[in-house]
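> Quick one: this structure, given as structure tokens, is what I'll be asking you about.
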Amino acid sequence: MKNNYLLLFVLLFIASSCENFLDVVPEKVGTIDYVFRDRRSAETFLATCYSYMPRHEYQSQSPGRFMGDEITTYYRNRGDDVKITLEGNNVTSPYINYWDGGGGVSSNKGLFRGLRSCNEFLDNIDMVRDLDSYEKSRWIAEVKFLKAYYHWVLVQHYGAIPLIKENLPIFASPEEVKVFRDPLHECIDYIVSLLDEAIPELPEKVDAEVTEYGRITKPIAASLKAKILVHAASPFYNGNESYKNFVDSRGIQLLYSPYDAAKWERALTACKEAIEICETAGFTLYHYAIPYGLNISDSTRLILQPSRIVTEKMNPEIIWSQVTVDSKHVQFDCIPAISGDFRTARVNVEATPTLFTAENFYSSHGVPIEEDVEWEAKDWYANRYQVTTSDEKHRLMIEENFQTPRLHLNRELRFYGSVSFDGARWFGGGIANPSEGNQYTVRAKAGDPTNNPAGRNGQQYYSPTGYFIRKLVSHNTVAPNGSFTEEKYFWPLMRIADLYLLYAEALNETKTAPDSEVYKYLNMIRERAGLKSIEESWTNYSKYPDKFKTKDGMRDIIHQERLIELAFEGNYYYDIRRWSGGIKRDRYDIMTQLNTPIKGWNIDGMETDDFYQIKTVYTLKFGLRDYLWPIKESNLTQNTNLVQNPGW
């Protein structure tokens with residue numbers, strides 16, 4: 001690339017002026033000639049096409065993270081996605097309104113507007129005089145990808161949508177403007193066809209990583225295709241009889257089609273092809289290497305690793321990153337006040353794990369805590385909320401001799417690297433001469449901000465559950481004298497561990513019984529985390545030693561591994577929803593999960609015995625209508641061919 005593409009992303013707000021200009025001027029007139037007069041102007045419009053991407057790092061634009069019971073926040077600072085979980089959406093002014101834009105999110109311009117810009121680009125790119133054939137083919141492929149992605153985000157939230165294959169002309173009749181929603185299966189097929197057109201024309205890698213990182217490549221497009229097809233094969237999208245009677249005025253079924261096992265075969269092929277493309281391009285599981293001069297054990301390395309997978313920019317695991325990201329905002333909303341300096345910085349702590357999330361991580365044996373034979377034999381599971389004293393064995397995870405629930409002991413290292421809590425050790429954070437013997441201790445009891453800076457002392461800046469997200473915070477983020485200074489990183493949208501887990505899931509669904517091919521990809525991830533293989537862990541440490549040998553049992557294992565490995569990255573809500581099709585199929589049923597109260601510790605407790613009492617933070621209510629977003633009521637009035645989603 002001749003120009004610095006990273007600069008284009010910095011200039012997105014400037015580029016958006018072109019988008020606003022086009023919005024108020026009819027197509028096919030002089031302004032289009034001006035916008036596509038030369039390569040530089042066309043590249044600015046290409047950046048405008050990118051600019052519609054949802055800002056997934058923001059609390060108010062991250063339904064995958066904040067909807068559900070994986071993460072919550074204190075009531076005063078709840079974002080729109082949390083409001084959807086706690087209060088439900090609405091038809092007059094829907095939250096996170098991807099259809100029209102806005103919905104309480106200033107940076108959400110509306111994805112149908114984004115699709116219009118993409119079509120405008122594709123319709124006029126041939127007008128550019130000084131664009132060589134390589135760049136032209138590449139740019140067209142990028143915009144086709146963006147069309148596919150924007151359609152997909154709309155499908156994820158609304159189900160069947162009107163496909164915007166091309167823009168309507170300015171002279172379109174009123175009847176032509178009143179489009180119908182296209183059936184779900186047609187939407188999926190069209191999205192995949194766009195990706196199939198784009199993949200051959202995209203580069204395996206960007207031409208210049210420093211200046212072009214974040215632009216769409218062949219591995220990104222292939223991975224998105226794989227992910228979409230796994231979703232399309234899953235129960236929510238495949239044979240979901242809850243929507244059998246949902247039809248439009250033409251009598252066309254919009255969401256339901258009979259279950260088709262071939263969809264899993266199609267997903268399997270796409271996952272395999274994506275893995276081959278990604279591995280050829282050099283993507284691999286990232287293993288955090290101890291920097292020179294940092295004297296830490298392998299256990300501490302493994303505790304730091306979940307965070308480094310996310311926060312180390314351009315590492316070989318991350319296939320797709322969102323570079324227009326406010327990583328300060330993310331970390332500011334996650335980190336506890338590990339010291340007085342961080343409390344002075346007024347860290348928000350708006351994103352906090354729930355008790356359910358803390359319990360979902362494996363035991364130190366790599367199996368669910370409720371299945372672990374040692375946890376059962378020693379009554380650790382039955383007494384998991386009982387307070388005990390942390391011992392020397394856990395000194396790297398919890399301050400020695402600290403009073404803590406049994407739940408926090410004898411857990412896998414990803415638990416300590418992803419979640420923090422009262423008494424947990426916190427490596428780095430600006431402490432002088434960090435070492436295993438010189439770490440912060442998180443102190444989260446209430447009432448004494450001097451000795452418990454992470455505890456509740458007012459109506460905001462505290463965890464409502466007593467837990468904190470460690471995974472999304474770099475250990476190099478500091479707050480000297482109250483000045484919050486973060487290690488910047490890009491938000492990961494797709495990494496190869498995600499792709500491996502999707503492939504394992506598709507393999508399991510297409511085989512009569514799981515085998516070594518299914519186990520392989522999970523074991524690669526588990527080994528990286530310091531765990532034994534599935535076969536060894538379940539055989540030796542689970543109450544159900546044959547669980548991994550059955551299709552249903554392996555499905556549970558794969559699903560739990562996804563929720564652990566990808567915790568807090570924005571997959572949770574979409575995963576538990578796609579696994580549900582109106583019938584409980586495994587341990588993660590959305591109707592059960594989102595009708596169960598969110599719980600945590602008594603964060604008003606000042607003493608150990610008071611603090612470690614289970615409290616209900618919020619009561620949830622989830623019904624059939626909540627699976628999909630409502631279409632804004634005014635749209636239905638303007639276009640009588642649109643039908644509202646069920647229940648709204």
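In the structure tokens, the first chain shown is A, the next is B, and so on; residue numbers restart at 1 for each chain, and ligands run from 1 in the order shown.
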Quick one: residues within 7 Å of segment 273-285 of chain A, only C-alpha atoms counted, chain neighbours fewer than 5 positions away excluded, as a ChimeraX atom specification?
/A:204-205,219,222-223,226,316-317,319,496-497
> For Glu607 of chain A, find every residue with an atom within 10 Å (counting only C-alpha atoms), except residues of its own chain fewer than 6 positions away, and show them as an NGL selection string.
:A and (445-447)
> So that I can see what lies close to segment 306-313 of chain A, please list as a list in words the residues with an atom at most 6 Å from it, counting only C-alpha atoms and leaving out residues fewer than 3 positions away in the same chain.
Gly417, Lys471, Leu472, Ser474 and Tyr489 of chain A
> Could you write out that same residue set with C-alpha atoms as a JSON list (two decimals), in the first residue's frame?

```json
[["chain", "number", "residue", "atom", "x", "y", "z"],
["A", 417, "GLY", "CA", -5.52, -15.61, 35.01],
["A", 471, "LYS", "CA", -8.04, -11.40, 31.45],
["A", 472, "LEU", "CA", -8.76, -8.15, 29.61],
["A", 474, "SER", "CA", -2.51, -6.09, 30.79],
["A", 489, "TYR", "CA", -4.06, -3.40, 22.41]]
```
> Using only C-alpha atoms, which residues sit within 12 Å of Lys599 of chain A once same-chain residues fewer than 4 positions away are excluded, as a list in words?
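After dropping sequence-adjacent residues, the list is Asp69, Glu70, Ile71, Thr72, Thr73, Thr352, Pro353, Thr354, Leu355, Phe356, Thr357, Ala358, Glu359, Ser463, Pro464, Thr465, Gly466, Tyr467, Gln593, Ile603, Tyr612, Gln613, Ile614, Lys615, Thr616, Val617, Tyr618, Thr619 and Leu620 of chain A.
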> Give me, as a PyMOL selection string, all polymer residues having an atom no more than 9 Å from Thr477 of chain A, counting only C-alpha atoms and skipping those fewer than 6 positions away in the same chain.
chain A and resi 331+428-430+484-488
> Got a sec: who's within 9 Å of Leu229 of chain A, counting only C-alpha atoms, leaving out chain neighbours fewer than 6 positions off, as JSON, numbers by chain?
{"A": [188, 192, 263, 264, 266, 267, 268, 270, 271]}
> Calculated over only C-alpha atoms, which of the candidates A:Ala289, A:Val419, A:Ile228, A:Met127 has the smallest distance to Ala567 of chain A?
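Distance minimum relative to Ala567 of chain A lands on A:Val419.
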> Determine, counting only C-alpha atoms, which protein, DNA and RNA residues have an atom within 10 Å of an atom of Asp372 of chain A; residues of the same chain fewer than 2 positions away are not included. Present the result as a PDB file with N, CA and C atoms, in the first residue's frame.

```
ATOM      1  N   TYR A 362     -12.707 -24.876  35.326  1.00  0.00           N
ATOM      2  CA  TYR A 362     -12.404 -26.229  35.795  1.00  0.00           C
ATOM      3  C   TYR A 362     -11.693 -26.235  37.148  1.00  0.00           C
ATOM      4  N   SER A 363     -11.666 -27.425  37.727  1.00  0.00           N
ATOM      5  CA  SER A 363     -10.801 -27.682  38.880  1.00  0.00           C
ATOM      6  C   SER A 363      -9.355 -27.772  38.392  1.00  0.00           C
ATOM      7  N   SER A 364      -8.437 -27.905  39.301  1.00  0.00           N
ATOM      8  CA  SER A 364      -7.022 -28.039  38.923  1.00  0.00           C
ATOM      9  C   SER A 364      -6.767 -29.313  38.127  1.00  0.00           C
ATOM     10  N   HIS A 365      -7.723 -30.251  38.154  1.00  0.00           N
ATOM     11  CA  HIS A 365      -7.599 -31.486  37.381  1.00  0.00           C
ATOM     12  C   HIS A 365      -8.160 -31.360  35.974  1.00  0.00           C
ATOM     13  N   GLY A 366      -8.697 -30.190  35.644  1.00  0.00           N
ATOM     14  CA  GLY A 366      -9.173 -29.971  34.287  1.00  0.00           C
ATOM     15  C   GLY A 366     -10.536 -30.542  33.991  1.00  0.00           C
ATOM     16  N   VAL A 367     -11.374 -30.714  35.039  1.00  0.00           N
ATOM     17  CA  VAL A 367     -12.748 -31.184  34.861  1.00  0.00           C
ATOM     18  C   VAL A 367     -13.670 -30.240  35.628  1.00  0.00           C
ATOM     19  N   PRO A 368     -14.983 -30.259  35.347  1.00  0.00           N
ATOM     20  CA  PRO A 368     -15.898 -29.395  36.103  1.00  0.00           C
ATOM     21  C   PRO A 368     -15.814 -29.682  37.598  1.00  0.00           C
ATOM     22  N   ILE A 369     -15.922 -28.631  38.407  1.00  0.00           N
ATOM     23  CA  ILE A 369     -15.726 -28.819  39.841  1.00  0.00           C
ATOM     24  C   ILE A 369     -16.774 -29.753  40.431  1.00  0.00           C
ATOM     25  N   GLU A 370     -17.979 -29.773  39.836  1.00  0.00           N
ATOM     26  CA  GLU A 370     -19.023 -30.653  40.366  1.00  0.00           C
ATOM     27  C   GLU A 370     -18.803 -32.115  39.969  1.00  0.00           C
ATOM     28  N   GLU A 374     -12.006 -35.732  43.572  1.00  0.00           N
ATOM     29  CA  GLU A 374     -11.361 -35.242  44.792  1.00  0.00           C
ATOM     30  C   GLU A 374     -12.241 -34.197  45.466  1.00  0.00           C
ATOM     31  N   TRP A 375     -12.843 -33.320  44.666  1.00  0.00           N
ATOM     32  CA  TRP A 375     -13.746 -32.325  45.233  1.00  0.00           C
ATOM     33  C   TRP A 375     -14.936 -32.993  45.924  1.00  0.00           C
ATOM     34  N   GLU A 376     -15.377 -34.112  45.398  1.00  0.00           N
ATOM     35  CA  GLU A 376     -16.496 -34.827  46.025  1.00  0.00           C
ATOM     36  C   GLU A 376     -16.035 -35.568  47.275  1.00  0.00           C
ATOM     37  N   ALA A 377     -14.909 -36.263  47.179  1.00  0.00           N
ATOM     38  CA  ALA A 377     -14.425 -37.066  48.305  1.00  0.00           C
ATOM     39  C   ALA A 377     -14.106 -36.207  49.524  1.00  0.00           C
ATOM     40  N   TRP A 380     -15.306 -30.684  49.049  1.00  0.00           N
ATOM     41  CA  TRP A 380     -14.987 -29.321  48.631  1.00  0.00           C
ATOM     42  C   TRP A 380     -16.139 -28.711  47.842  1.00  0.00           C
ATOM     43  N   TYR A 381     -16.777 -29.513  46.997  1.00  0.00           N
ATOM     44  CA  TYR A 381     -17.858 -28.948  46.195  1.00  0.00           C
ATOM     45  C   TYR A 381     -19.074 -28.623  47.061  1.00  0.00           C
ATOM     46  N   SER A 537      -7.806 -36.601  31.862  1.00  0.00           N
ATOM     47  CA  SER A 537      -8.488 -35.860  32.924  1.00  0.00           C
ATOM     48  C   SER A 537      -9.801 -36.521  33.312  1.00  0.00           C
ATOM     49  N   TRP A 538     -10.622 -36.862  32.314  1.00  0.00           N
ATOM     50  CA  TRP A 538     -11.919 -37.452  32.653  1.00  0.00           C
ATOM     51  C   TRP A 538     -11.779 -38.878  33.178  1.00  0.00           C
ATOM     52  N   ASN A 540      -9.365 -40.157  34.921  1.00  0.00           N
ATOM     53  CA  ASN A 540      -8.770 -40.231  36.258  1.00  0.00           C
ATOM     54  C   ASN A 540      -9.446 -39.352  37.302  1.00  0.00           C
ATOM     55  N   TYR A 541     -10.146 -38.299  36.880  1.00  0.00           N
ATOM     56  CA  TYR A 541     -10.597 -37.315  37.869  1.00  0.00           C
ATOM     57  C   TYR A 541     -12.087 -36.984  37.828  1.00  0.00           C
ATOM     58  N   SER A 542     -12.828 -37.542  36.888  1.00  0.00           N
ATOM     59  CA  SER A 542     -14.248 -37.214  36.794  1.00  0.00           C
ATOM     60  C   SER A 542     -15.128 -38.332  37.331  1.00  0.00           C
ATOM     61  N   LYS A 543     -16.241 -37.944  37.922  1.00  0.00           N
ATOM     62  CA  LYS A 543     -17.250 -38.928  38.342  1.00  0.00           C
ATOM     63  C   LYS A 543     -17.853 -39.640  37.139  1.00  0.00           C
ATOM     64  N   TYR A 544     -17.661 -39.045  35.970  1.00  0.00           N
ATOM     65  CA  TYR A 544     -18.197 -39.625  34.742  1.00  0.00           C
ATOM     66  C   TYR A 544     -17.032 -39.917  33.793  1.00  0.00           C
TER      67      TYR A 544
END
```
> Give the strand (DSSP E or B) residues of segment 278-339 of chain A, as assigned by DSSP on the backbone, as a ChimeraX atom specification.
/A:318-322
> Please dump the current selection as a compact mmCIF listing (two decimals), in the first residue's frame; keep C-alpha atoms.

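See result.txt below for the written result:
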```txt
# COMPACT_ATOMS: atom_id res chain seq x y z
CA ILE A 318 -5.24 -13.41 16.66
CA ILE A 319 -6.68 -13.79 13.17
CA TRP A 320 -8.80 -10.65 13.22
CA SER A 321 -8.51 -7.59 15.42
CA GLN A 322 -10.50 -4.40 15.58
```
> Which is closest to Tyr213 of chain A among A:Leu522, A:Val478, A:Met314, A:Leu304, if we use only C-alpha atoms?
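Closest candidate: A:Met314.
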